[in-house]
There are 2 protein chains.
Amino acid sequence: MGTPSTLRTESSACCRIELTDTVEDYLKAIFAITSLGEPASTSGVAARLSVTPPSVTAMLHRMRDSGLVATTTWGHVLLTEHGAVHARSVVRRHRLLETFLHRVLGVSWDEVHEEAEVLEHHLSTRLENLIDAALGFPDRDPHGDPIPSVRGKHEEHGETPLAQSGPGDIFLVQRVYDTDSIALRHLAELDIRPGVSIEVERRPSDLAPMWVRVGGERCSLSCAVVNLIHGRIESSAAAS
Amino acid sequence: MGTPSTLRTESSACCRIELTDTVEDYLKAIFAITSLGEPASTSGVAARLSVTPPSVTAMLHRMRDSGLVATTTWGHVLLTEHGAVHARSVVRRHRLLETFLHRVLGVSWDEVHEEAEVLEHHLSTRLENLIDAALGFPDRDPHGDPIPSVRGKHEEHGETPLAQSGPGDIFLVQRVYDTDSIALRHLAELDIRPGVSIEVERRPSDLAPMWVRVGGERCSLSCAVVNLIHGRIESSAAAS
DNA sequence: AGCCGACATTAGGGCGGTCTAAATCTCCGG
DNA sequence: CCGGAGATTTAGACCGCCCTAATGTCGGCT
Ligand SMILES: [Mn+2]
Ligand SMILES: [Mn+2]
Ligand SMILES: [Mn+2]
Ligand SMILES: [Mn+2]
């Protein structure tokens with residue numbers, strides 16, 4: 001497109017760079033990587049966005065020049081406060097859209113993500129606020145991902161992975177990562193979603209899947225699926 | 001953006017050109033101009049899209065190469081059937097979105113257009129169909145513009161201009177062009193909208209506005225506003 | 001210490017889309 | 001019939017974003 005078409009008035013005064021869709025995607029990628037702890041590497045961003053490292057280098061230069069990121073040592077990069085504000089704004093729009101599409105239009109759990117991935121770049125502040133109000137100012141999207149508020153602190157990762165629970169534990173699912181559409185559809189069939197409690201029967205090993213009990217039904221969860229599930233251990237069998 | 005991000009499966013088999021936002025805007029502009037009768041001129045398209053004529057020339061070449069338009073004599077251009085199909089698809093998304101945003105989110109009459117102008121390029125077929133169904137398959141948007149159906153004939157201009165009515169006529173408003181946001185807000189205050197009947201008192205002249213009676217209230221309509229209003233003359237005083 | 005592999009960057013090019021300035025064409029009026 | 005006004009097109013450039021190929025730079029291993 002070139003110039004961003006959606007008016008966004010709260011653009012924090014100065015802003016040398018245009019907040020194109022592409023820049024927003026880079027911001028979001030860096031936000032996701034760095035929210036896990038370490039700074040983001042060029043190749044890490046490249047892999048997440050499916051572009052080549054040279055493209056990332058060029059873009060990071062432009063983003064550094066406009067104060068969105070700060071490069072530390074060798075292709076390691078962090079968001080500035082300015083960049084983090086915009087990144088959270090994109091994430092907020094993404095998750096509000098997922099919630100809206102799911103609740104109002106009935107888009108299924110595993111399909112909302114790809115829709116929101118496109119629309120997040122084109123939602124005006126006006127529509128963002130209208131959607132927020134229509135939904136009753138939600139703080140979680142359908143996958144349990146926290147929705148950043150317009151202003152104020154945002155904690156991205158507060159849950160513990162299901163993989164850390166042991167046999168006999170009661171685990172309250174609070175969040176399921178939405179990156180794997182097939183896994184989401186599978187989990188929906190198993191009735192595993194935020195708010196549901198599951199009982200751990202056997203931990204996953206390198207070869208064998210995890211076994212859990214949910215709603216009276218025993219089922220197995222592959223390692224890939226287990227890693228998507230996060231929440232809280234309600235009662236631990238290992239406490240004794 | 002470059003590559004169009006929204007999947008659109010019914011892409012009619014072959015299609016050398018990418019249907020970017022920009023191409024969709026050109027298609028829509030040519031559709032609007034040519035639906036009034038004559039072919040579109042380079043400068044006409046340029047003016048409507050706020051770009052320079054050389055940009056239009058370059059784009060029309062690419063669109064001709066991919067079979068979306070057919071150039072006739074000197075910068076005069078028509079949509080091919082292939083191009084018209086895509087143009088109607090964009091218009092359909094635009095008007096469905098306007099209807100949806102108005103009815104579901106309460107976006108006001110004069111604001112829906114600019115929102116739809118952006119989102120029309122990013123609505124997947126899935127969401128298009130869900131919105132269509134949620135609205136009960138509407139055939140008119142909030143301004144009375146006809147919504148093209150997925151398949152089948154579409155008639156863009158069936159109404160007669162208010163300017164053609166004379167004193168004493170009862171005029172049923174069926175459509176108000178949505179290009180002028182200020183005029184729309186003004187008409188909303190006057191309760192003039194599709195479905196409303198107004199009584200013509202005096203035709204507009206070069207100097208004087210039109211005078212009409214709507215819901216018991218007398219009011220004047222500037223020439224610019226009058227030209228936006230289209231509909232049907234219900235009872236004509238000139239019949240005698 | 002020295003080498004090598006992994007990673008990041010530069011160099012150079014392409015494509016889509018825009019612009020300005022200059023050249024060209026059409027068509028109408030004198 | 002010819003010239004000029006207006007419209008269109010070409011020429012040349014820029015920017016955003018992407019790529020491949022080549023070059024640099026680091027840390028770890030022998
Ligand atoms: Mn998502
Ligand atoms: Mn989510
Ligand atoms: Mn409109
Ligand atoms: Mn409309």
# chains A, B, ... in the order shown; residues from 1 in each chain; ligands from 1
>>> residues_near_ligand(ligand="ligand 2", cutoff="6 Å", atoms="only C-alpha atoms (C1' of nucleotides) and all ligand atoms", output="VMD selection string")
chain A and resid 95 141 143 145 178
>>> interface_residues(of="chain B", to="chain C", cutoff="12 Å", atoms="only C-alpha atoms (C1' of nucleotides)", output="VMD selection string")
chain B and resid 1 to 4 17 to 23 50 to 59 62 73 to 75
>>> write_last_selection(atoms="C-alpha atoms", output="CSV table (one decimal), in the first residue's frame")
chain,number,residue,atom,x,y,z
B,1,MET,CA,1.6,-3.6,1.3
B,2,GLY,CA,2.6,-5.4,-1.9
B,3,THR,CA,1.1,-8.8,-1.8
B,4,PRO,CA,-2.6,-8.8,-1.0
B,17,ILE,CA,-1.8,-9.1,-11.8
B,18,GLU,CA,-2.0,-9.0,-8.0
B,19,LEU,CA,-5.3,-7.5,-6.8
B,20,THR,CA,-3.7,-5.0,-4.5
B,21,ASP,CA,-5.6,-2.4,-2.6
B,22,THR,CA,-4.5,0.1,-5.2
B,23,VAL,CA,-5.8,-2.0,-8.1
B,50,SER,CA,-6.2,12.1,-6.2
B,51,VAL,CA,-3.2,10.9,-8.2
B,52,THR,CA,-1.5,12.4,-11.2
B,53,PRO,CA,-2.4,11.4,-14.8
B,54,PRO,CA,1.0,9.7,-15.4
B,55,SER,CA,0.4,7.4,-12.4
B,56,VAL,CA,-3.0,6.4,-14.0
B,57,THR,CA,-1.4,5.8,-17.4
B,58,ALA,CA,1.1,3.4,-15.8
B,59,MET,CA,-1.5,1.6,-13.8
B,62,ARG,CA,-0.7,-3.0,-16.1
B,73,THR,CA,-9.5,5.7,-27.9
B,74,TRP,CA,-7.0,8.0,-26.2
B,75,GLY,CA,-7.0,7.3,-22.5
>>> residues_near_ligand(ligand="ligand 1", cutoff="12 Å", atoms="only C-alpha atoms (C1' of nucleotides) and all ligand atoms", output="MDAnalysis selection string")
chainID A and resid 28 32 90:99 101:102 109:120 140:147 175:181 184
>>> interface_residues(of="chain D", to="chain B", cutoff="10 Å", atoms="only C-alpha atoms (C1' of nucleotides)", output="VMD selection string")
chain D and resid 7 to 10 16 to 18
>>> atom_distance(atom1="atom CA of B:Cys223", atom2="atom CA of B:Pro148")
29.2 Å
>>> select_by_dssp(residues="stretch 92-199 of chain B", states="strand (DSSP E)", output="list of chain:residue names")
B:Thr160, B:Pro161, B:Ile170, B:Phe171, B:Leu172, B:Val173, B:Gln174, B:Arg175, B:Val176, B:Ser197, B:Ile198, B:Glu199
>>> select_by_dssp(residues="stretch 86-165 of chain A", states="alpha helix (DSSP H)", output="JSON, numbers by chain")
{"A": [86, 87, 88, 89, 90, 91, 92, 93, 94, 95, 96, 97, 98, 99, 100, 101, 102, 103, 104, 105, 112, 113, 114, 115, 116, 117, 118, 119, 125, 126, 127, 128, 129, 130, 131, 132, 133, 134]}
>>> write_last_selection(atoms="C-alpha atoms", output="tab-separated table (two decimals), in the first residue's frame")
chain	number	residue	atom	x	y	z
A	86	HIS	CA	2.69	1.03	19.21
A	87	ALA	CA	3.33	-2.70	19.50
A	88	ARG	CA	0.82	-3.03	22.34
A	89	SER	CA	-1.63	-1.01	20.26
A	90	VAL	CA	-1.38	-3.51	17.42
A	91	VAL	CA	-1.74	-6.45	19.80
A	92	ARG	CA	-4.75	-4.76	21.38
A	93	ARG	CA	-6.46	-4.36	18.02
A	94	HIS	CA	-5.62	-7.95	17.09
A	95	ARG	CA	-7.13	-9.42	20.23
A	96	LEU	CA	-10.15	-7.13	20.27
A	97	LEU	CA	-10.82	-8.18	16.70
A	98	GLU	CA	-10.50	-11.86	17.55
A	99	THR	CA	-12.95	-11.44	20.40
A	100	PHE	CA	-15.36	-9.46	18.25
A	101	LEU	CA	-15.28	-11.81	15.29
A	102	HIS	CA	-15.75	-14.81	17.57
A	103	ARG	CA	-18.54	-13.43	19.71
A	104	VAL	CA	-20.46	-11.34	17.17
A	105	LEU	CA	-19.93	-13.14	13.88
A	112	VAL	CA	-10.18	-15.75	14.07
A	113	HIS	CA	-6.41	-15.43	14.20
A	114	GLU	CA	-5.80	-15.26	10.48
A	115	GLU	CA	-8.65	-12.80	10.03
A	116	ALA	CA	-7.36	-10.56	12.81
A	117	GLU	CA	-3.86	-10.80	11.40
A	118	VAL	CA	-5.06	-8.81	8.40
A	119	LEU	CA	-7.63	-6.50	9.92
A	125	THR	CA	-9.41	4.20	16.69
A	126	ARG	CA	-13.11	4.92	16.32
A	127	LEU	CA	-13.95	1.31	15.48
A	128	GLU	CA	-11.51	0.00	18.06
A	129	ASN	CA	-13.36	1.88	20.77
A	130	LEU	CA	-16.79	0.92	19.47
A	131	ILE	CA	-15.83	-2.74	19.38
A	132	ASP	CA	-14.31	-2.52	22.85
A	133	ALA	CA	-17.52	-1.02	24.23
A	134	ALA	CA	-19.78	-3.44	22.35
>>> decode(residues="stretch 5-20 of chain D", atoms="N, CA and C atoms (P, O5', C5', C4', C3', O3' and C1' of nucleotides)", output="short mmCIF file (atom, residue, chain, number, x, y, z; two decimals), in the first residue's frame")
data_model
loop_
_atom_site.label_atom_id
_atom_site.label_comp_id
_atom_site.auth_asym_id
_atom_site.auth_seq_id
_atom_site.Cartn_x
_atom_site.Cartn_y
_atom_site.Cartn_z
P DA D 5 -2.36 28.52 -26.72
"O5'" DA D 5 -3.56 27.85 -25.91
"C5'" DA D 5 -4.90 27.90 -26.44
"C4'" DA D 5 -5.67 26.69 -25.94
"C3'" DA D 5 -5.32 26.26 -24.53
"O3'" DA D 5 -6.52 25.90 -23.84
"C1'" DA D 5 -4.93 24.47 -26.01
P DG D 6 -6.45 25.53 -22.30
"O5'" DG D 6 -6.70 23.96 -22.32
"C5'" DG D 6 -7.73 23.42 -23.14
"C4'" DG D 6 -7.60 21.91 -23.19
"C3'" DG D 6 -7.23 21.28 -21.85
"O3'" DG D 6 -8.03 20.11 -21.66
"C1'" DG D 6 -5.68 20.61 -23.47
P DA D 7 -8.02 19.35 -20.27
"O5'" DA D 7 -7.70 17.85 -20.70
"C5'" DA D 7 -8.28 17.32 -21.88
"C4'" DA D 7 -7.44 16.16 -22.38
"C3'" DA D 7 -6.99 15.20 -21.27
"O3'" DA D 7 -7.34 13.88 -21.63
"C1'" DA D 7 -5.14 15.88 -22.59
P DT D 8 -7.02 12.66 -20.69
"O5'" DT D 8 -5.69 12.05 -21.32
"C5'" DT D 8 -5.68 11.68 -22.69
"C4'" DT D 8 -4.29 11.22 -23.09
"C3'" DT D 8 -3.69 10.17 -22.17
"O3'" DT D 8 -3.48 8.98 -22.90
"C1'" DT D 8 -2.12 11.90 -22.67
P DT D 9 -2.88 7.67 -22.23
"O5'" DT D 9 -1.32 7.81 -22.53
"C5'" DT D 9 -0.88 7.96 -23.87
"C4'" DT D 9 0.58 8.34 -23.90
"C3'" DT D 9 1.49 7.35 -23.16
"O3'" DT D 9 2.34 6.73 -24.10
"C1'" DT D 9 2.02 9.63 -22.63
P DT D 10 3.37 5.62 -23.67
"O5'" DT D 10 4.71 6.47 -23.42
"C5'" DT D 10 5.42 6.99 -24.52
"C4'" DT D 10 6.56 7.86 -24.03
"C3'" DT D 10 7.69 7.11 -23.32
"O3'" DT D 10 8.90 7.40 -23.99
"C1'" DT D 10 7.03 9.01 -22.08
P DA D 11 10.25 6.65 -23.68
"O5'" DA D 11 10.99 7.62 -22.64
"C5'" DA D 11 10.96 9.03 -22.84
"C4'" DA D 11 11.79 9.72 -21.76
"C3'" DA D 11 12.79 8.83 -21.04
"O3'" DA D 11 13.95 9.59 -20.77
"C1'" DA D 11 11.28 9.72 -19.47
P DG D 12 15.27 8.85 -20.21
"O5'" DG D 12 15.25 9.27 -18.67
"C5'" DG D 12 15.09 10.63 -18.31
"C4'" DG D 12 14.91 10.75 -16.80
"C3'" DG D 12 15.76 9.75 -15.99
"O3'" DG D 12 16.36 10.45 -14.92
"C1'" DG D 12 13.52 9.64 -15.31
P DA D 13 17.50 9.72 -13.98
"O5'" DA D 13 16.90 9.86 -12.51
"C5'" DA D 13 16.32 11.09 -12.12
"C4'" DA D 13 15.32 10.87 -11.02
"C3'" DA D 13 15.81 9.98 -9.88
"O3'" DA D 13 16.09 10.79 -8.75
"C1'" DA D 13 13.52 9.55 -10.48
P DC D 14 16.73 10.14 -7.46
"O5'" DC D 14 15.49 9.83 -6.49
"C5'" DC D 14 14.52 10.84 -6.24
"C4'" DC D 14 13.40 10.23 -5.42
"C3'" DC D 14 13.90 9.30 -4.30
"O3'" DC D 14 13.44 9.76 -3.06
"C1'" DC D 14 12.18 8.26 -5.60
P DC D 15 14.07 9.11 -1.72
"O5'" DC D 15 12.91 8.17 -1.17
"C5'" DC D 15 11.57 8.63 -1.16
"C4'" DC D 15 10.65 7.47 -0.86
"C3'" DC D 15 11.22 6.49 0.17
"O3'" DC D 15 10.24 6.21 1.14
"C1'" DC D 15 10.57 5.33 -1.79
P DG D 16 10.72 5.44 2.49
"O5'" DG D 16 9.94 4.06 2.40
"C5'" DG D 16 8.53 4.07 2.23
"C4'" DG D 16 8.05 2.67 1.93
"C3'" DG D 16 8.65 1.60 2.86
"O3'" DG D 16 7.61 0.73 3.26
"C1'" DG D 16 9.10 1.04 0.61
P DC D 17 7.82 -0.21 4.50
"O5'" DC D 17 8.27 -1.59 3.86
"C5'" DC D 17 7.37 -2.28 3.01
"C4'" DC D 17 8.13 -3.28 2.18
"C3'" DC D 17 9.07 -4.19 2.95
"O3'" DC D 17 8.46 -5.46 3.09
"C1'" DC D 17 9.93 -3.54 0.82
P DC D 18 9.15 -6.62 3.88
"O5'" DC D 18 9.91 -7.48 2.78
"C5'" DC D 18 9.17 -8.24 1.84
"C4'" DC D 18 10.00 -8.57 0.63
"C3'" DC D 18 11.26 -9.38 0.88
"O3'" DC D 18 10.95 -10.76 0.94
"C1'" DC D 18 11.62 -7.70 -0.77
P DC D 19 12.10 -11.77 1.46
"O5'" DC D 19 13.05 -11.97 0.18
"C5'" DC D 19 12.51 -12.50 -1.01
"C4'" DC D 19 13.53 -12.40 -2.14
"C3'" DC D 19 14.86 -13.09 -1.84
"O3'" DC D 19 14.82 -14.40 -2.36
"C1'" DC D 19 15.22 -10.88 -2.72
P DT D 20 15.94 -15.44 -1.88
"O5'" DT D 20 17.23 -15.15 -2.78
"C5'" DT D 20 17.14 -15.09 -4.21
"C4'" DT D 20 18.50 -14.70 -4.79
"C3'" DT D 20 19.66 -15.57 -4.32
"O3'" DT D 20 20.53 -15.83 -5.42
"C1'" DT D 20 20.09 -13.31 -3.75
#
